file entry-v9.cif (mmCIF, C-alpha atoms)
data_model
loop_
_atom_site.label_atom_id
_atom_site.label_comp_id
_atom_site.auth_asym_id
_atom_site.auth_seq_id
_atom_site.Cartn_x
_atom_site.Cartn_y
_atom_site.Cartn_z
CA MET I 208 36.14 -24.99 -45.95
CA HIS I 209 32.74 -26.73 -45.77
CA GLY I 210 31.05 -29.74 -47.29
CA TYR I 211 29.57 -27.64 -50.08
CA THR I 212 32.77 -25.72 -50.95
CA PRO I 213 33.70 -27.85 -54.01
CA ASP I 214 30.22 -27.20 -55.48
CA LYS I 215 30.01 -23.56 -54.37
CA ASP I 216 29.74 -22.13 -57.89
CA ASP I 217 26.95 -24.51 -58.78
CA TYR I 218 25.01 -23.59 -55.60
CA LEU I 219 25.51 -19.87 -56.29
CA LYS I 220 24.21 -20.29 -59.83
CA ARG I 221 21.12 -22.15 -58.59
CA LEU I 222 20.44 -19.61 -55.82
CA ARG I 223 20.70 -16.73 -58.27
CA ARG I 224 18.26 -18.46 -60.59
CA ILE I 225 15.89 -18.92 -57.63
CA GLU I 226 16.29 -15.24 -56.72
CA GLY I 227 15.31 -14.36 -60.30
CA GLN I 228 12.31 -16.70 -60.11
CA VAL I 229 11.10 -15.01 -56.90
CA ARG I 230 11.49 -11.61 -58.61
CA GLY I 231 9.47 -13.05 -61.51
CA ILE I 232 6.69 -14.09 -59.09
CA ALA I 233 6.54 -10.54 -57.69
CA ARG I 234 6.25 -9.28 -61.28
CA MET I 235 3.42 -11.76 -61.92
CA VAL I 236 1.54 -10.42 -58.89
CA GLU I 237 2.21 -6.84 -59.96
CA GLU I 238 0.79 -7.58 -63.42
CA ASP I 239 -2.29 -9.32 -61.93
CA THR I 240 -1.42 -12.74 -63.32
CA TYR I 241 -4.03 -15.43 -62.67
CA CYS I 242 -3.68 -16.83 -59.10
CA ILE I 243 -3.27 -20.45 -60.23
CA ASP I 244 -0.29 -19.52 -62.43
CA VAL I 245 1.33 -17.69 -59.51
CA LEU I 246 0.80 -20.76 -57.32
CA THR I 247 2.36 -23.06 -59.92
CA GLN I 248 5.43 -20.84 -60.04
CA ILE I 249 5.74 -20.76 -56.22
CA ALA I 250 5.57 -24.57 -56.15
CA ALA I 251 8.44 -24.67 -58.70
CA VAL I 252 10.59 -22.32 -56.58
CA THR I 253 9.86 -24.33 -53.44
CA LYS I 254 11.01 -27.49 -55.22
CA ALA I 255 14.20 -25.74 -56.41
CA LEU I 256 14.95 -24.59 -52.83
CA GLN I 257 14.35 -28.12 -51.53
CA ALA I 258 16.78 -29.50 -54.11
CA VAL I 259 19.45 -27.04 -52.87
CA SER I 260 18.76 -28.13 -49.27
CA ILE I 261 19.00 -31.80 -50.14
CA GLY I 262 22.34 -31.18 -51.89
CA LEU I 263 23.67 -29.24 -48.90
CA VAL I 264 22.59 -32.01 -46.51
CA GLU I 265 24.38 -34.63 -48.62
CA ASP I 266 27.56 -32.50 -48.80
CA HIS I 267 27.36 -31.83 -45.06
CA LEU I 268 26.96 -35.50 -44.15
CA GLY I 269 29.70 -36.53 -46.57
CA HIS I 270 32.24 -34.06 -45.22
CA CYS I 271 31.57 -32.46 -41.83
CA VAL I 272 29.78 -35.47 -40.31
CA VAL I 273 32.06 -38.16 -41.77
CA ASP I 274 35.19 -36.17 -40.78
CA ALA I 275 33.92 -35.69 -37.23
CA ALA I 276 33.05 -39.40 -36.97
CA ARG I 277 36.57 -40.32 -38.06
CA GLN I 278 38.01 -38.00 -35.40
CA SER I 279 36.09 -39.55 -32.50
CA PRO I 280 32.71 -41.18 -31.81
CA GLU I 281 31.80 -38.21 -29.57
CA ALA I 282 32.57 -35.63 -32.27
CA GLY I 283 30.55 -37.75 -34.74
CA ALA I 284 27.58 -37.95 -32.36
CA ALA I 285 27.53 -34.16 -31.86
CA LYS I 286 27.53 -33.51 -35.61
CA VAL I 287 24.83 -36.16 -36.16
CA LYS I 288 22.58 -34.49 -33.58
CA GLU I 289 23.03 -31.11 -35.24
CA ALA I 290 22.45 -32.50 -38.76
CA SER I 291 19.34 -34.41 -37.62
CA ASP I 292 17.81 -31.24 -36.20
CA ALA I 293 18.42 -29.47 -39.53
CA ILE I 294 16.89 -32.40 -41.44
CA ALA I 295 13.84 -32.32 -39.14
CA ARG I 296 13.35 -28.62 -39.96
CA LEU I 297 13.51 -29.46 -43.68
CA VAL I 298 11.06 -32.35 -43.46
CA ARG I 299 8.63 -30.19 -41.48
CA SER I 300 8.91 -27.14 -43.78
CA MET N 276 21.44 -54.83 -35.08
CA HIS N 277 20.52 -51.44 -36.52
CA GLY N 278 20.62 -47.82 -35.47
CA TYR N 279 17.08 -47.98 -34.13
CA THR N 280 17.47 -51.29 -32.24
CA PRO N 281 17.93 -49.70 -28.77
CA ASP N 282 14.66 -47.74 -29.26
CA LYS N 283 12.78 -50.57 -30.98
CA ASP N 284 10.05 -50.84 -28.33
CA ASP N 285 9.41 -47.11 -28.47
CA TYR N 286 9.11 -47.20 -32.28
CA LEU N 287 6.78 -50.20 -32.13
CA LYS N 288 4.55 -48.42 -29.61
CA ARG N 289 4.38 -45.33 -31.81
CA LEU N 290 3.68 -47.33 -34.98
CA ARG N 291 0.88 -49.25 -33.26
CA ARG N 292 -0.65 -45.97 -32.11
CA ILE N 293 -0.43 -44.68 -35.72
CA GLU N 294 -2.06 -47.90 -36.97
CA GLY N 295 -4.91 -47.29 -34.51
CA GLN N 296 -5.22 -43.69 -35.69
CA VAL N 297 -5.52 -44.80 -39.33
CA ARG N 298 -8.20 -47.30 -38.29
CA GLY N 299 -9.92 -44.41 -36.49
CA ILE N 300 -9.85 -42.34 -39.69
CA ALA N 301 -11.50 -45.20 -41.62
CA ARG N 302 -14.17 -45.31 -38.90
CA MET N 303 -14.69 -41.54 -39.23
CA VAL N 304 -15.24 -41.94 -42.99
CA GLU N 305 -17.57 -44.89 -42.40
CA GLU N 306 -19.64 -42.81 -39.96
CA ASP N 307 -19.76 -39.84 -42.39
CA THR N 308 -17.74 -37.52 -40.16
CA TYR N 309 -17.39 -33.98 -41.46
CA CYS N 310 -14.58 -33.78 -44.12
CA ILE N 311 -12.61 -31.10 -42.28
CA ASP N 312 -12.39 -33.25 -39.15
CA VAL N 313 -11.14 -36.19 -41.20
CA LEU N 314 -8.49 -33.93 -42.79
CA THR N 315 -7.34 -32.68 -39.38
CA GLN N 316 -6.87 -36.26 -38.23
CA ILE N 317 -4.92 -37.22 -41.39
CA ALA N 318 -2.61 -34.23 -40.83
CA ALA N 319 -1.98 -35.48 -37.28
CA VAL N 320 -1.11 -39.00 -38.50
CA THR N 321 1.19 -37.59 -41.18
CA LYS N 322 3.05 -35.58 -38.53
CA ALA N 323 3.35 -38.68 -36.32
CA LEU N 324 4.80 -40.69 -39.23
CA GLN N 325 7.25 -37.87 -40.02
CA ALA N 326 8.39 -37.86 -36.38
CA VAL N 327 9.10 -41.61 -36.63
CA SER N 328 11.06 -41.02 -39.87
CA ILE N 329 13.10 -38.23 -38.32
CA GLY N 330 13.95 -40.45 -35.36
CA LEU N 331 14.97 -43.31 -37.65
CA VAL N 332 17.17 -40.97 -39.72
CA GLU N 333 18.92 -39.73 -36.59
CA ASP N 334 19.48 -43.28 -35.32
CA HIS N 335 20.71 -44.36 -38.75
CA LEU N 336 23.18 -41.47 -39.07
CA GLY N 337 24.39 -41.97 -35.50
CA HIS N 338 25.05 -45.67 -35.90
CA CYS N 339 25.24 -47.10 -39.43
CA VAL N 340 26.73 -43.97 -41.04
CA VAL N 341 29.14 -43.08 -38.21
CA ASP N 342 30.29 -46.71 -37.94
CA ALA N 343 30.89 -46.93 -41.70
CA ALA N 344 32.80 -43.63 -41.67
CA ARG N 345 35.02 -44.94 -38.87
CA GLN N 346 35.72 -48.08 -40.90
CA SER N 347 36.89 -46.25 -44.03
CA PRO N 348 36.13 -43.03 -45.95
CA GLU N 349 34.76 -45.12 -48.84
CA ALA N 350 32.36 -47.05 -46.63
CA GLY N 351 31.26 -43.73 -45.08
CA ALA N 352 30.67 -42.15 -48.50
CA ALA N 353 28.50 -45.09 -49.64
CA LYS N 354 26.33 -44.90 -46.51
CA VAL N 355 26.03 -41.10 -46.83
CA LYS N 356 24.81 -41.42 -50.42
CA GLU N 357 22.20 -43.98 -49.40
CA ALA N 358 21.04 -41.93 -46.40
CA SER N 359 20.84 -38.74 -48.49
CA ASP N 360 18.58 -40.44 -51.02
CA ALA N 361 16.29 -41.57 -48.19
CA ILE N 362 16.26 -38.03 -46.72
CA ALA N 363 15.40 -36.60 -50.16
CA ARG N 364 12.40 -38.96 -50.36
CA LEU N 365 11.26 -37.75 -46.92
CA VAL N 366 11.65 -34.05 -47.74
CA ARG N 367 9.74 -34.53 -51.00
CA SER N 368 6.92 -36.58 -49.45
CA MET Z 195 -9.05 -8.40 -60.98
CA HIS Z 196 -8.17 -11.53 -59.03
CA GLY Z 197 -8.75 -12.94 -55.58
CA TYR Z 198 -5.47 -11.51 -54.31
CA THR Z 199 -5.89 -8.02 -55.81
CA PRO Z 200 -7.05 -6.33 -52.57
CA ASP Z 201 -3.92 -7.65 -50.79
CA LYS Z 202 -1.56 -7.09 -53.70
CA ASP Z 203 0.71 -4.63 -51.89
CA ASP Z 204 1.07 -6.98 -48.94
CA TYR Z 205 1.99 -9.89 -51.26
CA LEU Z 206 4.50 -7.74 -53.12
CA LYS Z 207 6.14 -6.68 -49.85
CA ARG Z 208 6.41 -10.32 -48.72
CA LEU Z 209 7.79 -11.51 -52.07
CA ARG Z 210 10.42 -8.75 -52.07
CA ARG Z 211 11.46 -9.74 -48.56
CA ILE Z 212 11.73 -13.36 -49.75
CA GLU Z 213 13.80 -12.24 -52.76
CA GLY Z 214 16.14 -10.45 -50.33
CA GLN Z 215 16.35 -13.57 -48.16
CA VAL Z 216 17.34 -15.71 -51.16
CA ARG Z 217 20.01 -13.13 -52.06
CA GLY Z 218 21.16 -13.37 -48.43
CA ILE Z 219 21.47 -17.16 -48.73
CA ALA Z 220 23.64 -16.76 -51.86
CA ARG Z 221 25.83 -14.34 -49.87
CA MET Z 222 26.07 -16.90 -47.04
CA VAL Z 223 27.27 -19.54 -49.51
CA GLU Z 224 29.72 -17.07 -51.07
CA GLU Z 225 31.17 -16.27 -47.63
CA ASP Z 226 31.44 -20.00 -46.75
CA THR Z 227 28.89 -19.86 -43.94
CA TYR Z 228 28.47 -23.10 -42.01
CA CYS Z 229 26.15 -25.51 -43.92
CA ILE Z 230 23.68 -25.91 -41.05
CA ASP Z 231 23.13 -22.14 -40.87
CA VAL Z 232 22.48 -22.05 -44.63
CA LEU Z 233 19.96 -24.89 -44.25
CA THR Z 234 18.16 -23.09 -41.41
CA GLN Z 235 17.81 -20.02 -43.60
CA ILE Z 236 16.48 -22.05 -46.56
CA ALA Z 237 13.88 -23.66 -44.29
CA ALA Z 238 12.76 -20.14 -43.23
CA VAL Z 239 12.41 -19.00 -46.85
CA THR Z 240 10.47 -22.17 -47.75
CA LYS Z 241 8.05 -21.48 -44.90
CA ALA Z 242 7.63 -17.85 -46.05
CA LEU Z 243 6.86 -19.02 -49.61
CA GLN Z 244 4.35 -21.57 -48.28
CA ALA Z 245 2.62 -18.83 -46.29
CA VAL Z 246 2.28 -16.76 -49.49
CA SER Z 247 0.84 -19.81 -51.30
CA ILE Z 248 -1.65 -20.51 -48.53
CA GLY Z 249 -2.79 -16.88 -48.63
CA LEU Z 250 -3.18 -17.00 -52.42
CA VAL Z 251 -5.19 -20.23 -52.20
CA GLU Z 252 -7.53 -18.70 -49.63
CA ASP Z 253 -8.00 -15.55 -51.74
CA HIS Z 254 -8.56 -17.67 -54.85
CA LEU Z 255 -11.16 -19.90 -53.20
CA GLY Z 256 -12.90 -16.90 -51.64
CA HIS Z 257 -13.20 -14.98 -54.90
CA CYS Z 258 -12.67 -16.88 -58.15
CA VAL Z 259 -14.11 -20.20 -56.92
CA VAL Z 260 -17.02 -18.73 -54.94
CA ASP Z 261 -17.91 -16.37 -57.82
CA ALA Z 262 -17.85 -19.22 -60.33
CA ALA Z 263 -20.00 -21.39 -58.05
CA ARG Z 264 -22.55 -18.58 -57.77
CA GLN Z 265 -22.64 -18.30 -61.57
CA SER Z 266 -23.41 -21.97 -62.19
CA PRO Z 267 -22.62 -25.38 -60.70
CA GLU Z 268 -20.62 -26.27 -63.85
CA ALA Z 269 -18.47 -23.12 -63.63
CA GLY Z 270 -17.92 -23.88 -59.92
CA ALA Z 271 -16.90 -27.47 -60.64
CA ALA Z 272 -14.35 -26.38 -63.26
CA LYS Z 273 -12.75 -23.88 -60.87
CA VAL Z 274 -12.71 -26.45 -58.04
CA LYS Z 275 -10.88 -28.97 -60.24
CA GLU Z 276 -8.27 -26.36 -61.19
CA ALA Z 277 -7.82 -25.19 -57.59
CA SER Z 278 -7.54 -28.77 -56.32
CA ASP Z 279 -4.75 -29.52 -58.78
CA ALA Z 280 -2.87 -26.43 -57.59
CA ILE Z 281 -3.38 -27.45 -53.93
CA ALA Z 282 -2.08 -30.95 -54.76
CA ARG Z 283 1.11 -29.41 -56.21
CA LEU Z 284 1.54 -27.38 -53.01
CA VAL Z 285 1.00 -30.33 -50.68
CA ARG Z 286 3.48 -32.43 -52.69
CA SER Z 287 6.14 -29.72 -52.90
CA MET E 41 -24.06 -36.50 -46.57
CA HIS E 42 -20.64 -35.02 -47.28
CA GLY E 43 -18.48 -34.22 -50.28
CA TYR E 44 -16.74 -37.58 -50.07
CA THR E 45 -19.89 -39.69 -49.61
CA PRO E 46 -20.13 -40.86 -53.25
CA ASP E 47 -16.52 -42.13 -53.05
CA LYS E 48 -16.79 -43.49 -49.51
CA ASP E 49 -16.05 -47.11 -50.45
CA ASP E 50 -12.96 -46.09 -52.39
CA TYR E 51 -11.67 -44.04 -49.43
CA LEU E 52 -12.35 -46.89 -47.03
CA LYS E 53 -10.46 -49.30 -49.25
CA ARG E 54 -7.47 -46.94 -49.44
CA LEU E 55 -7.46 -46.28 -45.69
CA ARG E 56 -7.56 -50.02 -44.95
CA ARG E 57 -4.63 -50.55 -47.29
CA ILE E 58 -2.75 -47.75 -45.48
CA GLU E 59 -3.60 -49.35 -42.11
CA GLY E 60 -2.10 -52.61 -43.42
CA GLN E 61 1.00 -50.78 -44.63
CA VAL E 62 1.52 -49.21 -41.17
CA ARG E 63 1.15 -52.66 -39.61
CA GLY E 64 3.73 -53.87 -42.15
CA ILE E 65 6.14 -51.13 -41.04
CA ALA E 66 5.76 -52.21 -37.40
CA ARG E 67 6.55 -55.76 -38.51
CA MET E 68 9.66 -54.52 -40.38
CA VAL E 69 10.87 -52.81 -37.19
CA GLU E 70 10.10 -55.93 -35.14
CA GLU E 71 12.14 -58.06 -37.57
CA ASP E 72 15.05 -55.57 -37.51
CA THR E 73 14.72 -54.60 -41.18
CA TYR E 74 17.40 -52.24 -42.44
CA CYS E 75 16.56 -48.59 -41.46
CA ILE E 76 16.63 -47.28 -45.04
CA ASP E 77 14.01 -49.82 -46.13
CA VAL E 78 11.77 -48.81 -43.22
CA LEU E 79 12.17 -45.13 -44.22
CA THR E 80 11.26 -45.91 -47.84
CA GLN E 81 8.08 -47.61 -46.68
CA ILE E 82 7.14 -44.70 -44.38
CA ALA E 83 7.60 -42.27 -47.28
CA ALA E 84 5.21 -44.44 -49.37
CA VAL E 85 2.56 -44.41 -46.62
CA THR E 86 2.91 -40.64 -46.20
CA LYS E 87 2.33 -40.18 -49.92
CA ALA E 88 -0.73 -42.45 -49.80
CA LEU E 89 -2.17 -40.43 -46.88
CA GLN E 90 -1.51 -37.18 -48.75
CA ALA E 91 -3.35 -38.54 -51.79
CA VAL E 92 -6.38 -39.31 -49.57
CA SER E 93 -6.23 -35.77 -48.15
CA ILE E 94 -6.02 -34.19 -51.58
CA GLY E 95 -9.04 -36.21 -52.71
CA LEU E 96 -11.01 -35.19 -49.61
CA VAL E 97 -10.12 -31.51 -50.16
CA GLU E 98 -11.31 -31.71 -53.76
CA ASP E 99 -14.58 -33.41 -52.75
CA HIS E 100 -15.08 -30.89 -49.94
CA LEU E 101 -14.51 -27.87 -52.19
CA GLY E 102 -16.72 -29.35 -54.93
CA HIS E 103 -19.65 -30.02 -52.60
CA CYS E 104 -19.68 -28.31 -49.18
CA VAL E 105 -17.93 -25.11 -50.34
CA VAL E 106 -19.72 -24.78 -53.71
CA ASP E 107 -23.11 -25.49 -52.08
CA ALA E 108 -22.49 -22.90 -49.35
CA ALA E 109 -21.38 -20.33 -51.96
CA ARG E 110 -24.57 -20.92 -53.91
CA GLN E 111 -26.63 -20.40 -50.74
CA SER E 112 -25.10 -17.00 -49.90
CA PRO E 113 -21.76 -15.17 -50.20
CA GLU E 114 -21.47 -15.18 -46.39
CA ALA E 115 -21.99 -18.95 -46.11
CA GLY E 116 -19.42 -19.41 -48.90
CA ALA E 117 -16.89 -17.18 -47.14
CA ALA E 118 -17.23 -19.11 -43.87
CA LYS E 119 -16.66 -22.46 -45.62
CA VAL E 120 -13.70 -21.06 -47.56
CA LYS E 121 -12.04 -19.87 -44.34
CA GLU E 122 -12.50 -23.30 -42.76
CA ALA E 123 -11.23 -25.14 -45.86
CA SER E 124 -8.21 -22.83 -46.16
CA ASP E 125 -7.20 -23.54 -42.58
CA ALA E 126 -7.39 -27.27 -43.28
CA ILE E 127 -5.33 -26.86 -46.47
CA ALA E 128 -2.72 -24.85 -44.53
CA ARG E 129 -2.40 -27.74 -42.04
CA LEU E 130 -1.87 -30.15 -44.94
CA VAL E 131 0.74 -27.99 -46.67
CA ARG E 132 2.61 -27.57 -43.40
CA SER E 133 2.50 -31.27 -42.43
#
call {"tool": "encode", "arguments": {"input": "entry-v9.cif", "output": "structure tokens"}}
result
Amino acid sequence: MHGYTPDKDDYLKRLRRIEGQVRGIARMVEEDTYCIDVLTQIAAVTKALQAVSIGLVEDHLGHCVVDAARQSPEAGAAKVKEASDAIARLVRS
Amino acid sequence: MHGYTPDKDDYLKRLRRIEGQVRGIARMVEEDTYCIDVLTQIAAVTKALQAVSIGLVEDHLGHCVVDAARQSPEAGAAKVKEASDAIARLVRS
Amino acid sequence: MHGYTPDKDDYLKRLRRIEGQVRGIARMVEEDTYCIDVLTQIAAVTKALQAVSIGLVEDHLGHCVVDAARQSPEAGAAKVKEASDAIARLVRS
Amino acid sequence: MHGYTPDKDDYLKRLRRIEGQVRGIARMVEEDTYCIDVLTQIAAVTKALQAVSIGLVEDHLGHCVVDAARQSPEAGAAKVKEASDAIARLVRS
């Protein structure tokens, strides 16, 4: 049971669409599609992945972090540290 | 009193250094410095600003969000929504 | 014949690996993997996609843009405008 | 004489506005402004810096890179490599 569990089907649908988009980019390269069009498609996939990340962060904060905080300040602080490190990786990627 | 209050002096020092770096970039442009060197310096300032943001997010989650969660689940949920929107703006910028 | 044509096989290999990584992320979600681990994996895929983009931009500048510039200043300017718009989408994504 | 020289005054104006915005963020921190509002303002400054970078890249490609390409393929290739490295730093920051 995680923060994203209630929305699991939605996340799976989005990830499968992204998988298909990446396969489509490989096909574009295989068929020698113009570079700029390949780049545009990669930017779209990157944005879709970011949107999944942002959703997962929100679910994680709203469940795992809030639950830990309600258990004890120490448990909350540990989860906050872990979530902040994950957010830092997202912002920097 | 906010999440970042205990580290306020550190944040102010970093922001003043960033302000000086931006002034330095303007000086580089004024003195016709080579474009690539100006770009390198802008990338450095952007990274410094991101580091400040990441610190502020961590402080905010660790104080405002954890405190709200400990008050009530509803208060926690409202703060999580607000923080997630701010994180989304960071990831997308 | 495009800028990336000589490296086509390398790009295809990287894109197929990325496709497999996205499929792996869907599997992680399906198996209720801990949110933070899913986020770490998404950040890795985003970085891999960015690396592909950066390679494509370099190939595009080195072939399509340089060739156009050698044809005429006007042809060069048109290709630069198009490439700059694509770079802007990358930087903002 | 660089790619950005014709737009120098515009860049200087934008950089001075950004410098003022950074000073404004320091003031917000000094006056204990709510964390989320500080984060919103940092995201705005980051976007403004990115817009300056994107403009400089376009000017650089349109002048330094195109001119080098018109001189010789080797000169063009060297400038493309240098520009691509700078673009990679931007995309990753």
call {"tool": "interface_residues", "arguments": {"input": "entry-v9.cif", "of": "chain I", "to": "chain N", "cutoff": "7 Å", "atoms": "all atoms listed in the file", "output": "ChimeraX atom specification"}}
result
/I:261,265,268-269,273,276-277,283-284,287,291,295,297-298
call {"tool": "residues_around", "arguments": {"input": "entry-v9.cif", "residues": "region 296-302 of chain N", "least_positions_apart": "2", "cutoff": "6 Å", "atoms": "all atoms listed in the file", "output": "ChimeraX atom specification"}}
result
/N:293-294,304-305 /E:52,55,59
call {"tool": "write_last_selection", "arguments": {"input": "entry-v9.cif", "atoms": "C-alpha atoms", "output": "PDB file, in the coordinates of the input"}}
result
ATOM      1  CA  ILE N 293      -0.430 -44.680 -35.720  1.00  0.00           C
ATOM      2  CA  GLU N 294      -2.060 -47.900 -36.970  1.00  0.00           C
ATOM      3  CA  VAL N 304     -15.240 -41.940 -42.990  1.00  0.00           C
ATOM      4  CA  GLU N 305     -17.570 -44.890 -42.400  1.00  0.00           C
TER       5      GLU N 305
ATOM      6  CA  LEU E  52     -12.350 -46.890 -47.030  1.00  0.00           C
ATOM      7  CA  LEU E  55      -7.460 -46.280 -45.690  1.00  0.00           C
ATOM      8  CA  GLU E  59      -3.600 -49.350 -42.110  1.00  0.00           C
TER       9      GLU E  59
END
call {"tool": "atom_distance", "arguments": {"input": "entry-v9.cif", "atom1": "CA of Glu349 (chain N)", "atom2": "CA of Cys271 (chain I)"}}
result
14.8 Å
call {"tool": "atom_distance", "arguments": {"input": "entry-v9.cif", "atom1": "CA of Met222 (chain Z)", "atom2": "CA of Asp203 (chain Z)"}}
result
28.6 Å
call {"tool": "atom_distance", "arguments": {"input": "entry-v9.cif", "atom1": "CA of Pro281 (chain N)", "atom2": "CA of Ala323 (chain N)"}}
result
19.8 Å
call {"tool": "axis_aligned_box", "arguments": {"input": "entry-v9.cif", "around": "region 335-338 of chain N", "padding_each_side": "4 Å", "output": "AutoDock Vina command-line options"}}
result
--center_x 22.9 --center_y -43.6 --center_z -37.3 --size_x 12.3 --size_y 12.2 --size_z 11.6
call {"tool": "build_atoms", "arguments": {"input": "entry-v9.cif", "residues": "region 306-313 of chain N", "atoms": "all heavy atoms", "output": "short mmCIF file (atom, residue, chain, number, x, y, z; two decimals), in the coordinates of the input"}}
result
data_model
loop_
_atom_site.label_atom_id
_atom_site.label_comp_id
_atom_site.auth_asym_id
_atom_site.auth_seq_id
_atom_site.Cartn_x
_atom_site.Cartn_y
_atom_site.Cartn_z
N GLU N 306 -18.53 -43.46 -40.68
CA GLU N 306 -19.64 -42.81 -39.96
C GLU N 306 -19.95 -41.42 -40.52
O GLU N 306 -20.60 -40.61 -39.85
CB GLU N 306 -19.28 -42.71 -38.47
CG GLU N 306 -19.12 -44.08 -37.81
CD GLU N 306 -18.52 -44.00 -36.40
OE1 GLU N 306 -18.16 -42.87 -35.98
OE2 GLU N 306 -18.44 -45.04 -35.74
N ASP N 307 -19.46 -41.12 -41.73
CA ASP N 307 -19.76 -39.84 -42.39
C ASP N 307 -19.39 -38.61 -41.55
O ASP N 307 -20.13 -37.63 -41.51
CB ASP N 307 -21.25 -39.77 -42.76
CG ASP N 307 -21.62 -40.81 -43.79
OD1 ASP N 307 -21.03 -40.76 -44.88
OD2 ASP N 307 -22.47 -41.67 -43.49
N THR N 308 -18.23 -38.67 -40.91
CA THR N 308 -17.74 -37.52 -40.16
C THR N 308 -17.44 -36.37 -41.12
O THR N 308 -17.08 -36.60 -42.28
CB THR N 308 -16.45 -37.91 -39.40
OG1 THR N 308 -16.74 -39.08 -38.62
CG2 THR N 308 -15.97 -36.79 -38.48
N TYR N 309 -17.60 -35.17 -40.64
CA TYR N 309 -17.39 -33.98 -41.46
C TYR N 309 -15.96 -33.96 -42.04
O TYR N 309 -14.97 -34.15 -41.31
CB TYR N 309 -17.63 -32.73 -40.59
CG TYR N 309 -17.55 -31.43 -41.34
CD1 TYR N 309 -18.20 -31.25 -42.56
CD2 TYR N 309 -16.82 -30.35 -40.83
CE1 TYR N 309 -18.13 -30.05 -43.23
CE2 TYR N 309 -16.75 -29.15 -41.49
CZ TYR N 309 -17.41 -29.01 -42.71
OH TYR N 309 -17.33 -27.82 -43.38
N CYS N 310 -15.85 -33.71 -43.36
CA CYS N 310 -14.58 -33.78 -44.12
C CYS N 310 -13.42 -33.09 -43.40
O CYS N 310 -12.30 -33.60 -43.35
CB CYS N 310 -14.70 -33.12 -45.50
SG CYS N 310 -16.35 -32.96 -46.17
N ILE N 311 -13.68 -31.88 -42.89
CA ILE N 311 -12.61 -31.10 -42.28
C ILE N 311 -12.02 -31.83 -41.07
O ILE N 311 -10.80 -31.79 -40.84
CB ILE N 311 -13.15 -29.70 -41.88
CG1 ILE N 311 -13.61 -28.92 -43.13
CG2 ILE N 311 -12.12 -28.91 -41.07
CD1 ILE N 311 -12.49 -28.51 -44.06
N ASP N 312 -12.88 -32.51 -40.32
CA ASP N 312 -12.39 -33.25 -39.15
C ASP N 312 -11.55 -34.45 -39.58
O ASP N 312 -10.56 -34.79 -38.92
CB ASP N 312 -13.57 -33.69 -38.27
CG ASP N 312 -14.32 -32.47 -37.73
OD1 ASP N 312 -13.68 -31.44 -37.45
OD2 ASP N 312 -15.56 -32.54 -37.60
N VAL N 313 -11.94 -35.08 -40.68
CA VAL N 313 -11.14 -36.19 -41.20
C VAL N 313 -9.77 -35.67 -41.64
O VAL N 313 -8.72 -36.25 -41.31
CB VAL N 313 -11.86 -36.87 -42.40
CG1 VAL N 313 -11.02 -38.03 -42.94
CG2 VAL N 313 -13.25 -37.36 -42.01
#
